[in-house]
$ cat structure04.csv   # CSV, C-alpha atoms and all ligand atoms
chain,number,residue,atom,x,y,z
A,1451,MET,CA,91.5,143.3,152.8
A,1452,ALA,CA,94.1,140.7,152.0
A,1453,GLU,CA,94.3,139.8,155.6
A,1454,LYS,CA,90.7,138.9,155.7
A,1455,TYR,CA,91.2,136.3,153.0
A,1456,GLU,CA,94.3,134.9,154.7
A,1457,GLU,CA,92.2,134.5,157.9
A,1458,LEU,CA,89.5,132.7,155.9
A,1459,ILE,CA,92.2,130.4,154.4
A,1460,ASP,CA,93.6,129.6,157.8
A,1461,LYS,CA,90.1,128.9,159.2
A,1462,LEU,CA,89.3,126.7,156.2
A,1463,THR,CA,92.5,124.8,156.7
A,1464,GLU,CA,92.0,124.2,160.4
A,1465,GLU,CA,88.3,123.5,160.4
A,1466,GLY,CA,87.7,122.0,157.0
A,1467,ASP,CA,84.6,124.2,156.4
A,1468,LEU,CA,83.4,127.8,156.4
A,1469,SER,CA,80.0,129.5,156.5
A,1470,ASP,CA,78.2,130.2,153.2
A,1471,ASP,CA,79.2,133.9,153.2
A,1472,GLU,CA,82.8,133.1,154.0
A,1473,LEU,CA,83.1,130.5,151.2
A,1474,LEU,CA,81.4,133.0,148.8
A,1475,ALA,CA,84.0,135.6,149.8
A,1476,LEU,CA,86.9,133.2,149.0
A,1477,ILE,CA,85.3,132.1,145.7
A,1478,THR,CA,84.9,135.7,144.5
A,1479,MET,CA,88.0,137.3,146.0
A,1480,PRO,CA,89.9,139.5,143.5
A,1481,THR,CA,92.4,137.8,141.2
A,1482,GLY,CA,95.8,138.9,140.1
A,1483,SER,CA,95.6,136.8,136.9
A,1484,GLY,CA,93.6,139.3,134.8
A,1485,GLU,CA,91.0,136.7,134.0
A,1486,GLY,CA,87.3,137.1,134.2
A,1487,LEU,CA,86.2,134.8,137.0
A,1488,PHE,CA,82.6,134.2,135.7
A,1489,PRO,CA,82.9,134.6,131.9
A,1490,ASN,CA,79.5,133.2,131.0
A,1491,THR,CA,77.2,135.3,133.2
A,1492,PRO,CA,75.6,138.7,132.4
A,1493,GLN,CA,78.0,140.3,134.9
A,1494,ALA,CA,81.0,139.3,132.7
A,1495,ALA,CA,83.0,142.0,131.0
A,1496,SER,CA,81.9,143.1,127.6
A,1497,ASP,CA,84.7,141.2,125.9
A,1498,PRO,CA,84.8,138.2,128.2
A,1499,CYS,CA,86.6,135.7,125.9
A,1500,GLU,CA,89.9,137.4,126.5
A,1501,ARG,CA,93.0,135.4,126.0
A,1502,LEU,CA,94.5,133.9,129.1
A,1503,PRO,CA,98.0,135.4,129.9
A,1504,LEU,CA,100.7,132.8,129.4
A,1505,SER,CA,102.1,133.4,132.9
A,1506,PRO,CA,99.2,134.6,135.0
A,1507,SER,CA,100.3,136.2,138.2
A,1508,PHE,CA,98.3,135.7,141.3
A,1509,THR,CA,97.6,137.8,144.4
A,1510,GLU,CA,99.2,137.0,147.8
A,1511,ALA,CA,95.8,135.6,149.0
A,1512,GLU,CA,95.5,133.3,145.9
A,1513,LYS,CA,99.1,132.1,146.5
A,1514,ALA,CA,98.3,131.5,150.1
A,1515,LEU,CA,95.2,129.4,149.2
A,1516,PHE,CA,97.2,127.3,146.7
A,1517,ASP,CA,100.0,126.8,149.3
A,1518,ALA,CA,97.6,125.8,152.1
A,1519,ALA,CA,96.0,123.2,149.8
A,1520,ASP,CA,99.5,121.9,148.8
A,1521,ARG,CA,100.5,121.5,152.5
A,1522,VAL,CA,97.3,119.5,153.2
A,1523,ARG,CA,97.9,117.3,150.2
A,1524,ARG,CA,101.5,116.7,151.3
A,1525,ARG,CA,100.3,115.9,154.8
A,1526,GLU,CA,97.8,113.3,153.4
A,1527,TYR,CA,99.5,111.9,150.4
A,1528,LYS,CA,103.1,113.2,150.6
A,1529,THR,CA,104.3,113.9,147.0
A,1530,ALA,CA,102.5,110.9,145.4
A,1531,VAL,CA,100.6,111.5,142.2
A,1532,TYR,CA,98.4,108.6,141.2
A,1533,VAL,CA,98.1,107.8,137.5
A,1534,ARG,CA,95.0,106.4,135.7
A,1535,GLY,CA,95.1,105.1,132.2
A,1536,LEU,CA,92.1,106.6,130.4
A,1537,ILE,CA,90.4,104.5,127.7
A,1538,GLU,CA,87.7,106.4,125.8
A,1539,PHE,CA,86.0,103.4,124.3
A,1540,SER,CA,82.9,104.8,122.7
A,1541,SER,CA,82.0,108.2,121.3
A,1542,PHE,CA,78.4,107.2,120.6
A,1543,CYS,CA,76.0,108.9,123.1
A,1544,ARG,CA,72.2,108.8,123.4
A,1545,ASN,CA,72.3,112.1,125.4
A,1546,ASP,CA,72.3,115.6,124.1
A,1547,CYS,CA,74.1,117.7,126.7
A,1548,TYR,CA,74.4,121.2,125.3
A,1549,TYR,CA,78.1,121.6,126.2
A,1550,CYS,CA,79.4,118.3,125.0
A,1551,GLY,CA,81.1,117.6,121.7
A,1552,ILE,CA,80.0,114.0,121.5
A,1553,ARG,CA,76.3,114.8,122.1
A,1554,ARG,CA,73.8,112.8,120.1
A,1555,ASP,CA,72.9,115.6,117.7
A,1556,ASN,CA,76.4,116.4,116.6
A,1557,ARG,CA,76.2,115.1,113.1
A,1558,ASN,CA,79.7,116.3,112.2
A,1559,LEU,CA,81.5,113.8,114.4
A,1560,LYS,CA,82.8,110.5,113.0
A,1561,ARG,CA,81.9,108.0,115.8
A,1562,TYR,CA,83.8,104.9,116.9
A,1563,ARG,CA,83.5,102.0,119.3
A,1564,LEU,CA,86.3,99.8,120.6
A,1565,SER,CA,85.8,96.0,120.8
A,1566,CYS,CA,86.6,94.1,123.9
A,1567,ASP,CA,89.9,92.9,122.3
A,1568,GLN,CA,90.9,96.4,121.4
A,1569,ILE,CA,90.2,97.5,125.0
A,1570,LEU,CA,92.3,94.6,126.3
A,1571,SER,CA,95.2,95.5,124.1
A,1572,CYS,CA,95.0,99.0,125.6
A,1573,THR,CA,95.1,97.7,129.1
A,1574,ASP,CA,97.9,95.2,128.4
A,1575,GLN,CA,99.9,98.1,127.0
A,1576,GLY,CA,98.9,100.3,130.0
A,1577,TYR,CA,100.0,97.6,132.4
A,1578,ASP,CA,103.5,97.5,130.8
A,1579,LEU,CA,103.6,101.3,131.2
A,1580,GLY,CA,103.0,100.9,134.9
A,1581,TYR,CA,99.3,101.8,135.2
A,1582,ARG,CA,97.4,100.0,137.9
A,1583,THR,CA,94.1,101.7,137.4
A,1584,PHE,CA,92.1,101.8,134.1
A,1585,VAL,CA,89.3,104.2,133.5
A,1586,LEU,CA,86.8,103.1,130.9
A,1587,GLN,CA,84.9,106.2,129.8
A,1588,GLY,CA,82.4,106.7,127.0
A,1589,GLY,CA,79.2,108.3,125.9
A,1590,GLU,CA,76.0,106.6,127.0
A,1591,ASP,CA,76.1,104.0,124.3
A,1592,PRO,CA,73.3,101.3,124.4
A,1593,TYR,CA,75.3,99.1,122.0
A,1594,TYR,CA,77.2,97.9,125.0
A,1595,THR,CA,74.8,95.7,126.9
A,1596,ASP,CA,75.3,95.1,130.7
A,1597,GLN,CA,76.6,91.7,129.8
A,1598,MET,CA,79.3,93.2,127.4
A,1599,ILE,CA,80.4,95.7,130.1
A,1600,CYS,CA,80.7,92.9,132.6
A,1601,ASP,CA,82.6,90.7,130.2
A,1602,ILE,CA,85.0,93.6,129.5
A,1603,VAL,CA,85.5,94.3,133.2
A,1604,SER,CA,86.0,90.6,134.1
A,1605,SER,CA,88.4,90.0,131.2
A,1606,ILE,CA,90.6,93.0,132.4
A,1607,LYS,CA,90.5,91.7,135.9
A,1608,GLU,CA,91.5,88.2,134.9
A,1609,ARG,CA,94.6,89.5,133.1
A,1610,HIS,CA,95.5,92.1,135.6
A,1611,PRO,CA,94.1,91.2,139.0
A,1612,ASP,CA,96.2,93.8,140.8
A,1613,CYS,CA,94.6,96.7,138.9
A,1614,ALA,CA,91.5,98.8,139.8
A,1615,ILE,CA,88.8,99.3,137.2
A,1616,THR,CA,86.9,102.6,137.1
A,1617,LEU,CA,83.8,103.0,134.9
A,1618,SER,CA,82.6,106.4,133.6
A,1619,ILE,CA,79.6,105.5,131.4
A,1620,GLY,CA,76.9,107.7,132.7
A,1621,GLU,CA,73.5,107.1,134.2
A,1622,LYS,CA,72.3,103.5,134.5
A,1623,GLU,CA,69.8,101.5,136.5
A,1624,ARG,CA,70.9,100.5,139.9
A,1625,GLU,CA,70.8,96.8,138.9
A,1626,SER,CA,73.3,97.5,136.1
A,1627,TYR,CA,75.7,99.3,138.5
A,1628,GLN,CA,75.4,96.3,140.8
A,1629,ARG,CA,76.2,93.9,137.9
A,1630,TYR,CA,79.3,95.8,136.9
A,1631,PHE,CA,80.4,95.9,140.5
A,1632,ASP,CA,79.9,92.2,140.9
A,1633,ALA,CA,82.0,91.7,137.7
A,1634,GLY,CA,84.9,93.5,139.4
A,1635,ALA,CA,84.5,97.3,138.7
A,1636,GLU,CA,85.3,99.1,142.0
A,1637,ARG,CA,85.2,102.7,141.1
A,1638,TYR,CA,82.8,105.0,139.2
A,1639,LEU,CA,83.1,108.5,137.9
A,1640,LEU,CA,79.9,110.5,137.4
A,1641,ARG,CA,80.2,114.2,137.7
A,1642,HIS,CA,77.0,115.8,139.0
A,1643,GLU,CA,77.9,118.7,136.6
A,1644,THR,CA,76.1,121.3,138.7
A,1645,ALA,CA,74.0,121.0,141.9
A,1646,ASP,CA,71.8,123.9,141.0
A,1647,THR,CA,68.5,122.8,139.3
A,1648,ARG,CA,68.1,126.0,137.3
A,1649,HIS,CA,71.8,125.9,136.1
A,1650,TYR,CA,71.4,122.2,135.3
A,1651,SER,CA,68.5,123.0,132.9
A,1652,LEU,CA,70.7,125.6,131.1
A,1653,LEU,CA,73.2,122.8,130.3
A,1654,HIS,CA,70.9,119.8,129.6
A,1655,PRO,CA,67.8,119.0,127.7
A,1656,ALA,CA,64.6,118.4,129.7
A,1657,GLU,CA,64.8,114.6,129.5
A,1658,LEU,CA,67.9,114.7,131.8
A,1659,SER,CA,67.4,115.7,135.4
A,1660,LEU,CA,69.7,116.6,138.3
A,1661,GLU,CA,67.6,114.5,140.6
A,1662,HIS,CA,68.2,111.4,138.6
A,1663,ARG,CA,71.9,112.1,138.3
A,1664,LYS,CA,72.1,112.5,142.1
A,1665,LYS,CA,70.1,109.3,142.6
A,1666,CYS,CA,72.7,107.4,140.5
A,1667,LEU,CA,75.5,108.8,142.7
A,1668,PHE,CA,73.9,107.6,145.9
A,1669,ASP,CA,73.1,104.2,144.3
A,1670,LEU,CA,76.7,103.8,143.4
A,1671,LYS,CA,77.8,104.7,146.9
A,1672,GLU,CA,75.4,102.3,148.5
A,1673,ILE,CA,76.6,99.5,146.3
A,1674,GLY,CA,80.1,100.0,147.6
A,1675,TYR,CA,81.9,101.8,144.7
A,1676,GLN,CA,84.6,104.4,145.3
A,1677,VAL,CA,82.6,107.2,143.8
A,1678,GLY,CA,83.9,110.3,141.9
A,1679,SER,CA,81.8,113.3,141.2
A,1680,GLY,CA,82.5,116.9,140.2
A,1681,PHE,CA,81.6,119.7,137.9
A,1682,MET,CA,82.7,122.0,135.1
A,1683,VAL,CA,83.9,125.5,136.1
A,1684,GLY,CA,82.6,128.5,134.2
A,1685,SER,CA,79.8,126.9,132.1
A,1686,LEU,CA,76.9,129.1,130.9
A,1687,GLY,CA,75.1,130.8,133.8
A,1688,GLN,CA,77.3,129.4,136.6
A,1689,THR,CA,77.5,131.9,139.5
A,1690,ALA,CA,79.3,131.9,142.8
A,1691,GLY,CA,76.0,130.7,144.3
A,1692,CYS,CA,76.1,127.6,142.0
A,1693,LEU,CA,79.6,126.8,143.1
A,1694,LEU,CA,78.6,127.1,146.7
A,1695,GLU,CA,75.8,124.6,146.0
A,1696,ASP,CA,78.3,122.3,144.3
A,1697,ILE,CA,80.4,122.3,147.4
A,1698,ARG,CA,77.5,121.7,149.8
A,1699,PHE,CA,76.3,118.9,147.6
A,1700,LEU,CA,79.7,117.3,147.7
A,1701,GLN,CA,79.8,117.6,151.4
A,1702,MET,CA,76.6,115.6,151.5
A,1703,LEU,CA,77.8,112.9,149.1
A,1704,MET,CA,81.3,112.7,150.5
A,1705,PRO,CA,82.8,111.3,147.2
A,1706,ASP,CA,86.2,109.6,147.1
A,1707,MET,CA,87.2,111.4,143.9
A,1708,ILE,CA,86.4,114.9,142.8
A,1709,GLY,CA,87.0,115.9,139.2
A,1710,ILE,CA,86.7,119.5,138.1
A,1711,GLY,CA,87.9,121.3,135.0
A,1712,PRO,CA,87.1,124.4,133.1
A,1713,TYR,CA,84.2,124.4,130.7
A,1714,LEU,CA,85.7,124.5,127.2
A,1715,THR,CA,83.8,125.5,124.1
A,1716,HIS,CA,83.1,123.0,121.3
A,1717,HIS,CA,82.2,124.6,117.9
A,1718,ASP,CA,79.5,122.0,117.1
A,1719,THR,CA,77.3,122.5,120.2
A,1720,PRO,CA,74.5,124.9,121.1
A,1721,LEU,CA,76.9,126.6,123.5
A,1722,ARG,CA,79.4,127.4,120.8
A,1723,ASP,CA,79.3,131.1,121.5
A,1724,CYS,CA,80.2,130.7,125.2
A,1725,CYS,CA,83.7,131.5,126.4
A,1726,ASN,CA,86.0,129.0,128.1
A,1727,GLY,CA,85.8,128.8,131.8
A,1728,SER,CA,88.4,130.4,134.0
A,1729,LEU,CA,91.8,128.7,134.8
A,1730,THR,CA,92.0,130.8,137.9
A,1731,MET,CA,88.6,129.8,139.2
A,1732,THR,CA,89.4,126.1,138.5
A,1733,LEU,CA,92.6,126.4,140.5
A,1734,ARG,CA,90.9,128.3,143.3
A,1735,LEU,CA,88.2,125.6,143.6
A,1736,THR,CA,90.8,122.8,143.4
A,1737,SER,CA,92.4,124.3,146.5
A,1738,ILE,CA,89.1,124.9,148.3
A,1739,LEU,CA,88.1,121.3,147.6
A,1740,ARG,CA,91.4,120.0,148.9
A,1741,LEU,CA,91.0,121.9,152.1
A,1742,ILE,CA,87.4,120.6,152.6
A,1743,PHE,CA,88.1,117.1,151.5
A,1744,PRO,CA,91.8,116.4,152.6
A,1745,TYR,CA,91.5,112.7,151.8
A,1746,ALA,CA,90.1,113.1,148.3
A,1747,LEU,CA,91.6,112.0,145.0
A,1748,ILE,CA,91.5,115.1,142.8
A,1749,PRO,CA,92.8,115.0,139.2
A,1750,ALA,CA,94.6,117.7,137.4
A,1751,THR,CA,92.4,117.2,134.4
A,1752,THR,CA,93.0,117.2,130.6
A,1753,ALA,CA,90.7,120.2,130.4
A,1754,LEU,CA,93.0,122.1,132.7
A,1755,GLY,CA,95.9,121.1,130.5
A,1756,THR,CA,94.0,122.2,127.4
A,1757,ILE,CA,93.2,125.7,128.7
A,1758,HIS,CA,96.8,126.4,129.6
A,1759,PRO,CA,100.0,124.6,128.6
A,1760,LEU,CA,101.0,124.4,132.3
A,1761,GLY,CA,97.4,124.0,133.6
A,1762,ARG,CA,98.0,120.5,135.0
A,1763,GLU,CA,101.2,121.5,136.8
A,1764,MET,CA,99.4,124.5,138.3
A,1765,GLY,CA,96.5,122.1,139.3
A,1766,MET,CA,99.0,119.8,141.1
A,1767,LYS,CA,100.5,122.7,143.0
A,1768,ALA,CA,97.0,123.8,144.0
A,1769,GLY,CA,96.1,120.5,145.5
A,1770,ALA,CA,95.5,117.9,142.8
A,1771,ASN,CA,97.0,114.5,143.2
A,1772,VAL,CA,95.9,112.4,140.2
A,1773,VAL,CA,96.6,112.5,136.5
A,1774,MET,CA,94.8,110.6,133.8
A,1775,PRO,CA,97.0,110.1,130.7
A,1776,ASN,CA,95.2,108.9,127.6
A,1777,LEU,CA,95.5,105.2,126.8
A,1778,SER,CA,93.1,105.1,123.9
A,1779,PRO,CA,94.3,103.9,120.5
A,1780,VAL,CA,95.8,106.9,118.7
A,1781,LYS,CA,93.7,106.5,115.6
A,1782,VAL,CA,90.5,107.2,117.5
A,1783,ARG,CA,91.7,109.9,119.9
A,1784,LYS,CA,90.7,112.9,117.9
A,1785,GLN,CA,87.2,111.5,117.6
A,1786,TYR,CA,86.5,111.7,121.4
A,1787,GLN,CA,86.4,115.5,121.2
A,1788,LEU,CA,84.4,116.7,124.2
A,1789,TYR,CA,85.7,120.2,123.5
A,1790,ASP,CA,87.9,122.1,121.0
A,1791,ASN,CA,91.7,121.8,121.0
A,1792,LYS,CA,91.8,118.8,123.4
A,1793,ILE,CA,95.4,117.9,124.1
A,1794,CYS,CA,97.2,114.6,123.9
A,1795,THR,CA,95.3,113.4,120.8
A,1796,GLY,CA,98.3,112.7,118.6
A,1797,GLU,CA,100.8,111.1,121.0
A,1798,LEU,CA,101.4,107.4,121.6
A,1799,SER,CA,100.4,106.1,125.0
A,1800,SER,CA,104.0,105.6,125.9
A,1801,GLU,CA,104.7,109.2,125.1
A,1802,CYS,CA,101.8,110.4,127.2
A,1803,ARG,CA,103.2,108.4,130.1
A,1804,GLY,CA,106.6,109.9,129.7
A,1805,CYS,CA,105.2,113.4,129.3
A,1806,MET,CA,103.1,113.1,132.5
A,1807,GLU,CA,106.1,111.8,134.4
A,1808,ARG,CA,108.2,114.8,133.4
A,1809,ARG,CA,105.4,117.3,134.2
A,1810,THR,CA,104.8,115.7,137.6
A,1811,SER,CA,108.5,115.7,138.7
A,1812,SER,CA,109.1,119.2,137.4
A,1813,SER,CA,106.2,120.3,139.7
A,1814,GLY,CA,107.9,118.7,142.7
A,1815,TYR,CA,105.8,115.4,142.9
A,1816,GLN,CA,106.3,111.8,141.8
A,1817,LEU,CA,104.2,109.6,139.6
A,1818,VAL,CA,103.7,106.3,141.5
A,1819,ILE,CA,103.0,102.8,140.3
A,1820,ASP,CA,100.1,102.0,142.5
A,1821,ARG,CA,96.3,101.4,142.4
A,1822,GLY,CA,96.0,104.7,144.3
A,1823,ASP,CA,92.9,103.8,146.4
A,1824,VAL,CA,91.4,106.6,148.5
A,1825,LYS,CA,92.5,106.9,152.1
A,1826,ALA,CA,89.9,105.9,154.8
A,1827,HIS,CA,87.7,108.8,155.6
A,1901,LIG,N1,79.0,109.9,129.5
A,1901,LIG,C1,79.8,110.0,130.8
A,1901,LIG,C2,81.1,110.6,130.5
A,1901,LIG,C3,81.0,112.0,130.1
A,1901,LIG,S1,82.5,112.8,129.5
A,1901,LIG,C4,79.0,110.7,131.8
A,1901,LIG,O1,77.8,111.1,131.5
A,1901,LIG,O2,79.4,110.8,132.9
A,1901,LIG,C5,83.2,113.3,131.0
A,1901,LIG,C6,83.1,114.7,131.5
A,1901,LIG,O3,83.6,115.6,130.6
A,1901,LIG,C7,81.7,115.2,131.8
A,1901,LIG,O4,81.2,114.7,133.0
A,1901,LIG,C8,81.8,116.7,131.7
A,1901,LIG,O5,81.9,117.3,133.0
A,1901,LIG,C9,83.1,116.9,130.9
A,1901,LIG,N2,82.9,117.7,129.7
A,1901,LIG,C10,82.0,117.4,128.7
A,1901,LIG,N3,82.0,118.4,127.8
A,1901,LIG,C11,82.8,119.3,128.2
A,1901,LIG,C12,83.2,120.6,127.8
A,1901,LIG,N4,82.7,121.1,126.6
A,1901,LIG,N5,84.1,121.3,128.5
A,1901,LIG,C13,84.7,120.8,129.6
A,1901,LIG,N6,84.3,119.6,130.1
A,1901,LIG,C14,83.4,118.9,129.4
$ encode --input "structure04.csv" --output "structure tokens" --more "lines below"
Ligand code: SAH
Amino acid sequence: MAEKYEELIDKLTEEGDLSDDELLALITMPTGSGEGLFPNTPQAASDPCERLPLSPSFTEAEKALFDAADRVRRREYKTAVYVRGLIEFSSFCRNDCYYCGIRRDNRNLKRYRLSCDQILSCTDQGYDLGYRTFVLQGGEDPYYTDQMICDIVSSIKERHPDCAITLSIGEKERESYQRYFDAGAERYLLRHETADTRHYSLLHPAELSLEHRKKCLFDLKEIGYQVGSGFMVGSLGQTAGCLLEDIRFLQMLMPDMIGIGPYLTHHDTPLRDCCNGSLTMTLRLTSILRLIFPYALIPATTALGTIHPLGREMGMKAGANVVMPNLSPVKVRKQYQLYDNKICTGELSSECRGCMERRTSSSGYQLVIDRGDVKAH
């Protein structure tokens, strides 16, 4: 049995792909961690929100998968871990995604917006801390006109021409994406969230469509952005078939960055009764993605660090090569609560930098001062 999985891992490592059935077999192989792999499906155990063991143990096949991914990441990127300073500049959002804590209809959230000057003081501080990429993320907040976004981007570029700017502000018109690009933004993060239409409609209200989200991703690519996509692991109704579709969609898009993290419950959303997604499944997919997309920039996400104290370390050892410490002003951090118990909301930016440095080196890698552009692929 275990041999079968090890053969599949070898084949995936050598060929960079597997048949649908083979991928499904890897996605669903037994785990040693004791976790439910699909906590929010009818097939889940009767008490699926079990607590995750502090030191989960993995099967030989799971360890072989993580190790294969780590060898490929070392072949491609050696031990470098790229660092992105994350500035969460607005918690206002016009959308009402069922899983997200900053959704429009959450009336219990105190909202904030950062001014251009506040954002610039974050990037100045980030520059001094050694960041050479800034990620500007927010809800879809119409307060910021295209002109304002362009002004923010060009002001950062003027002060720090050696830095890359990544935007993560949701679905926009193609012309808007073009304007931001012309102003100097060169990367864009927009997770597709799920590539299965039925699953998409379990997570989003009817006015949002998978088709439009995909169109945005292809527009961004055509314009010339380095594009990041990805999905949550373990959200309501996600099956192994959905994950297979996610992988197939990514193979079509060929993104430069791929962000995945466990779905995490937020108490003020319609999905408040769902369980957290699985750490094990997130790690397993991190490794599978590394083997299919050897060149990709794959973060060990904050959600992974939230679900387990060593989640990001495990993510790095399973193939992730990017971390995104928080650079937002401390006084607003708690208000960008996408999910409950989000980590790194009390520390100063300099502390987050030091903490990430320690976590990275203790895992056997090195944080590097570099823009961290994707390799040619
Ligand atoms: N408005 C932007 C940024 C969204 S927040 C956009 O639409 O792209 C960034 C990511 O956080 C989302 O893409 C989603 O995958 C993730 N996220 C949101 N709520 C979450 C939750 N409850 N658990 C885990 N991840 C979540």
$ closest_residue --input "structure04.csv" --among "A:Thr1756, A:Gln1688, A:Ser1605, A:Ser1540" --to "Tyr1593 in chain A" --atoms "only C-alpha atoms"
A:Ser1540
$ residues_near_ligand --input "structure04.csv" --ligand "ligand LIG 1901 (chain A)" --cutoff "6 Å" --atoms "all atoms listed in the file" --output "JSON, numbers by chain"
{"A": [1549, 1550, 1587, 1588, 1589, 1590, 1618, 1619, 1620, 1640, 1641, 1643, 1681, 1682, 1712, 1713, 1714, 1715, 1716, 1788, 1789]}
$ atom_distance --input "structure04.csv" --atom1 "CA of Gln1493 in chain A" --atom2 "CA of Thr1689 in chain A"
9.6 Å
$ closest_atom_pairs --input "structure04.csv" --of "range 1695-1749 of chain A" --to "range 1526-1538 of chain A" --cutoff "12 Å" --atoms "all atoms listed in the file" --output "tab-separated table"
residue	atom	partner	partner_atom	distance
A:Met1707	CA	A:Tyr1532	CA	11.9
A:Arg1740	CA	A:Glu1526	CA	10.3
A:Leu1741	CA	A:Glu1526	CA	11.0
A:Phe1743	CA	A:Glu1526	CA	10.6
A:Pro1744	CA	A:Glu1526	CA	6.8
A:Tyr1745	CA	A:Glu1526	CA	6.5
A:Ala1746	CA	A:Glu1526	CA	9.2
A:Leu1747	CA	A:Tyr1532	CA	8.5
A:Ile1748	CA	A:Tyr1532	CA	9.6
A:Pro1749	CA	A:Tyr1532	CA	8.7
$ closest_residue --input "structure04.csv" --among "A:Leu1739, A:Ile1552, A:Val1818, A:Leu1570" --to "Leu1700 in chain A" --atoms "only C-alpha atoms"
A:Leu1739
$ residues_around --input "structure04.csv" --residues "Leu1686 in chain A" --least-positions-apart "4" --cutoff "7 Å" --atoms "only C-alpha atoms" --output "CSV table (one decimal) with C-alpha atoms, in the frame of the given file"
chain,number,residue,atom,x,y,z
A,1490,ASN,CA,79.5,133.2,131.0
A,1491,THR,CA,77.2,135.3,133.2
A,1724,CYS,CA,80.2,130.7,125.2
$ atom_distance --input "structure04.csv" --atom1 "CA of Tyr1786 in chain A" --atom2 "CA of Pro1705 in chain A"
26.1 Å
$ atom_distance --input "structure04.csv" --atom1 "CA of Ala1519 in chain A" --atom2 "CA of Gly1814 in chain A"
14.6 Å
$ decode --input "structure04.csv" --residues "range 1673-1687 of chain A" --atoms "C-alpha atoms" --output "mmCIF file, in the first residue's frame"
data_model
loop_
_atom_site.group_PDB
_atom_site.id
_atom_site.type_symbol
_atom_site.label_atom_id
_atom_site.label_comp_id
_atom_site.auth_asym_id
_atom_site.auth_seq_id
_atom_site.Cartn_x
_atom_site.Cartn_y
_atom_site.Cartn_z
ATOM 1 C CA ILE A 1673 -1.331 42.650 -19.140
ATOM 2 C CA GLY A 1674 1.990 41.259 -17.966
ATOM 3 C CA TYR A 1675 1.627 40.957 -14.214
ATOM 4 C CA GLN A 1676 3.287 38.177 -12.255
ATOM 5 C CA VAL A 1677 0.068 36.567 -11.113
ATOM 6 C CA GLY A 1678 -0.753 34.690 -7.941
ATOM 7 C CA SER A 1679 -3.778 32.500 -7.489
ATOM 8 C CA GLY A 1680 -4.783 29.828 -5.010
ATOM 9 C CA PHE A 1681 -7.513 28.531 -2.774
ATOM 10 C CA MET A 1682 -8.593 27.752 0.745
ATOM 11 C CA VAL A 1683 -8.271 24.181 1.945
ATOM 12 C CA GLY A 1684 -11.165 22.559 3.765
ATOM 13 C CA SER A 1685 -13.926 25.088 3.173
ATOM 14 C CA LEU A 1686 -17.562 24.033 3.223
ATOM 15 C CA GLY A 1687 -18.292 21.292 0.713
#
